[in-house]
Amino acid sequence: MILIDNPITGLIILVAIMISDISLGIVALLSAMIGTWIGYIGGKDKVAVNQGIFGYNSVLAGIALFLFLGGELQWVIALVGAAVVTLITAAMMYVLSSTVVPVLTLPYIMLTWTTVLSSYHLKTFHLSPELVPQDLIHLNLDQGENVQWLNGLMDGIGQVYFQENMWSSVLILIGICWAGWRLALYAVIGTLIAWLTAYGLGAEITSLNLGLYGFNGVLTILAVSGIYSTGRRLELLRGMIAVFLTVPVTAGVTTWLNPYGLTSLTLPFVLVTWLFITTEQILPELLANKSG
């Protein structure tokens with residue numbers, strides 16, 4: 001899974017995707033196999049391969065392309081994309097190897113956006129009717145729906161893998177808990193803070209109910225307070241602040257992408273996580289109440 005090196009967690013998440021959509025689950029499994037296989041035959045960084053670094057971008061790319069594109073070649077495009085994103089991941093790892101900045105999910109974001117946009121000029125790529133460019137001048141936020149807070153909170157976890165199914169979201173949370181109860185607690189805190197922040201700032205109700213403001217918050221707190229934690233007592237506070245920031249970043253990136261018919265994907269997570277990791281290099285005493 002993204003940010004979590006645990007095979008049982010990965011298996012539980014695969015089951016979560018399968019119960020929502022068998023075809024999507026098969027794409028996720030094949031994409032993971034393709035990414036891992038390319039990493040192994042590449043032959044250099046076996047540790048990174050075993051940790052699933054090549055696999056998770058492949059899984060996300062495969063799922064995204066399968067959902068966003070249609071037509072007879074839908075499967076082929078998704079799996080080829082899963083292979084190509086592995087090469088992009090390796091290239092970005094090399095470029096960033098001299099820095100403290102991790103690749104995270106940027107390879108899958110770049111591949112997905114590029115492939116979706118190519119559909120406007122290449123007839124082989126059939127764009128999903130859900131991805132329609134929006135005119136910002138006439139953009140109308142839907143505030144008429146009833147707030148479904150439980151669905152919004154749980155889908156904030158499930159949307160990490162494009163899941164809008166309550167049971168799939170619960171299973172994904174169980175998978176995170178299997179890797180560590182603290183990580184599961186962070187995931188719950190992440191989706192809760194993101195939901196409350198988005199609601200308080202007047203976000204569109206439909207987006208709230210679908211968890212579209214939550215999943216970047218979940219990933220961000222797992223990264224800032226968990227995986228890339230430096231052992232500070234205030235790491236949770238840093239993670240909570242980071243989650244808060246993902247909401248306006250998500251809104252801004254979404255507005256930027258609306259005219260192109262694109263979604264923000266996990267770019268807010270990448271940007272905010274980079275912000276906290278790199279800022280610490282220059283301002284190491286900021287929130288530096290270290291444990292011990």
# chains A, B, ... in the order shown; residues from 1 in each chain; ligands from 1

call {"tool": "residues_around", "arguments": {"residues": "region 260-262 of chain A", "least_positions_apart": "6", "cutoff": "6 Å", "atoms": "only C-alpha atoms", "output": "PDB file with C-alpha atoms, in the first residue's frame"}}
result
ATOM      1  CA  LEU A 131     -14.432  13.969 -17.087  1.00  0.00           C
ATOM      2  CA  VAL A 132     -15.865  17.041 -18.755  1.00  0.00           C
ATOM      3  CA  PRO A 133     -14.066  20.417 -18.925  1.00  0.00           C
TER       4      PRO A 133
END

call {"tool": "closest_atom_pairs", "arguments": {"of": "region 35-113 of chain A", "to": "region 120-129 of chain A", "cutoff": "7 Å", "atoms": "only C-alpha atoms", "output": "Markdown table"}}
result
| residue | atom | partner | partner_atom | distance |
| --- | --- | --- | --- | --- |
| A:Phe68 | CA | A:Ser128 | CA | 5.1 |
| A:Leu69 | CA | A:Leu127 | CA | 4.7 |
| A:Gly70 | CA | A:His126 | CA | 5.1 |
| A:Gly71 | CA | A:His126 | CA | 5.8 |

call {"tool": "atom_distance", "arguments": {"atom1": "CA of Asp5 (chain A)", "atom2": "CA of Leu150 (chain A)"}}
result
28.2 Å

call {"tool": "atom_distance", "arguments": {"atom1": "CA of Glu285 (chain A)", "atom2": "CA of Val272 (chain A)"}}
result
18.9 Å

call {"tool": "residues_around", "arguments": {"residues": "Val101 (chain A)", "least_positions_apart": "6", "cutoff": "9 Å", "atoms": "only C-alpha atoms", "output": "list in words"}}
result
Trp274, Ile277 and Thr278 of chain A

call {"tool": "residues_around", "arguments": {"residues": "region 48-63 of chain A", "least_positions_apart": "2", "cutoff": "8 Å", "atoms": "only C-alpha atoms", "output": "number ranges by chain"}}
result
A: 1-2, 5, 24, 27-29, 31-36, 39-40, 45-46, 65-67, 78-79, 81-83, 85-86, 89-90, 105, 107-109, 111-112, 161-162

call {"tool": "select_by_dssp", "arguments": {"residues": "region 17-154 of chain A", "states": "helix (DSSP H, G or I)", "output": "VMD selection string"}}
result
chain A and resid 17 to 20 22 to 42 46 to 50 53 to 68 74 to 95 106 to 118 136 to 138 149 to 154

call {"tool": "decode", "arguments": {"residues": "region 170-186 of chain A", "atoms": "N, CA and C atoms", "output": "PDB file, in the first residue's frame"}}
result
ATOM      1  N   VAL A 170     -14.106   0.540   4.980  1.00  0.00           N
ATOM      2  CA  VAL A 170     -13.873  -0.091   6.284  1.00  0.00           C
ATOM      3  C   VAL A 170     -12.734  -1.105   6.191  1.00  0.00           C
ATOM      4  N   LEU A 171     -12.724  -1.883   5.120  1.00  0.00           N
ATOM      5  CA  LEU A 171     -11.662  -2.870   4.939  1.00  0.00           C
ATOM      6  C   LEU A 171     -10.300  -2.198   4.778  1.00  0.00           C
ATOM      7  N   ILE A 172     -10.258  -1.115   4.045  1.00  0.00           N
ATOM      8  CA  ILE A 172      -8.993  -0.396   3.870  1.00  0.00           C
ATOM      9  C   ILE A 172      -8.497   0.110   5.223  1.00  0.00           C
ATOM     10  N   LEU A 173      -9.404   0.614   6.044  1.00  0.00           N
ATOM     11  CA  LEU A 173      -9.014   1.063   7.381  1.00  0.00           C
ATOM     12  C   LEU A 173      -8.511  -0.109   8.219  1.00  0.00           C
ATOM     13  N   ILE A 174      -9.153  -1.263   8.089  1.00  0.00           N
ATOM     14  CA  ILE A 174      -8.692  -2.462   8.800  1.00  0.00           C
ATOM     15  C   ILE A 174      -7.292  -2.842   8.327  1.00  0.00           C
ATOM     16  N   GLY A 175      -7.063  -2.727   7.018  1.00  0.00           N
ATOM     17  CA  GLY A 175      -5.738  -3.021   6.487  1.00  0.00           C
ATOM     18  C   GLY A 175      -4.671  -2.102   7.060  1.00  0.00           C
ATOM     19  N   ILE A 176      -5.011  -0.824   7.187  1.00  0.00           N
ATOM     20  CA  ILE A 176      -4.070   0.127   7.782  1.00  0.00           C
ATOM     21  C   ILE A 176      -3.823  -0.239   9.246  1.00  0.00           C
ATOM     22  N   CYS A 177      -4.897  -0.617   9.959  1.00  0.00           N
ATOM     23  CA  CYS A 177      -4.776  -0.992  11.361  1.00  0.00           C
ATOM     24  C   CYS A 177      -3.898  -2.225  11.531  1.00  0.00           C
ATOM     25  N   TRP A 178      -3.961  -3.137  10.581  1.00  0.00           N
ATOM     26  CA  TRP A 178      -3.121  -4.338  10.641  1.00  0.00           C
ATOM     27  C   TRP A 178      -1.642  -3.943  10.653  1.00  0.00           C
ATOM     28  N   ALA A 179      -1.302  -2.909   9.915  1.00  0.00           N
ATOM     29  CA  ALA A 179       0.088  -2.445   9.869  1.00  0.00           C
ATOM     30  C   ALA A 179       0.469  -1.682  11.128  1.00  0.00           C
ATOM     31  N   GLY A 180      -0.524  -1.178  11.870  1.00  0.00           N
ATOM     32  CA  GLY A 180      -0.241  -0.451  13.106  1.00  0.00           C
ATOM     33  C   GLY A 180      -1.439   0.363  13.538  1.00  0.00           C
ATOM     34  N   TRP A 181      -1.846   0.202  14.796  1.00  0.00           N
ATOM     35  CA  TRP A 181      -3.034   0.916  15.268  1.00  0.00           C
ATOM     36  C   TRP A 181      -2.839   2.428  15.215  1.00  0.00           C
ATOM     37  N   ARG A 182      -1.598   2.874  15.405  1.00  0.00           N
ATOM     38  CA  ARG A 182      -1.337   4.304  15.369  1.00  0.00           C
ATOM     39  C   ARG A 182      -1.584   4.867  13.970  1.00  0.00           C
ATOM     40  N   LEU A 183      -1.215   4.098  12.943  1.00  0.00           N
ATOM     41  CA  LEU A 183      -1.453   4.540  11.567  1.00  0.00           C
ATOM     42  C   LEU A 183      -2.948   4.630  11.281  1.00  0.00           C
ATOM     43  N   ALA A 184      -3.704   3.652  11.795  1.00  0.00           N
ATOM     44  CA  ALA A 184      -5.161   3.681  11.610  1.00  0.00           C
ATOM     45  C   ALA A 184      -5.768   4.891  12.319  1.00  0.00           C
ATOM     46  N   LEU A 185      -5.261   5.197  13.511  1.00  0.00           N
ATOM     47  CA  LEU A 185      -5.733   6.374  14.234  1.00  0.00           C
ATOM     48  C   LEU A 185      -5.430   7.641  13.440  1.00  0.00           C
ATOM     49  N   TYR A 186      -4.241   7.716  12.866  1.00  0.00           N
ATOM     50  CA  TYR A 186      -3.878   8.867  12.045  1.00  0.00           C
ATOM     51  C   TYR A 186      -4.821   8.991  10.841  1.00  0.00           C
TER      52      TYR A 186
END
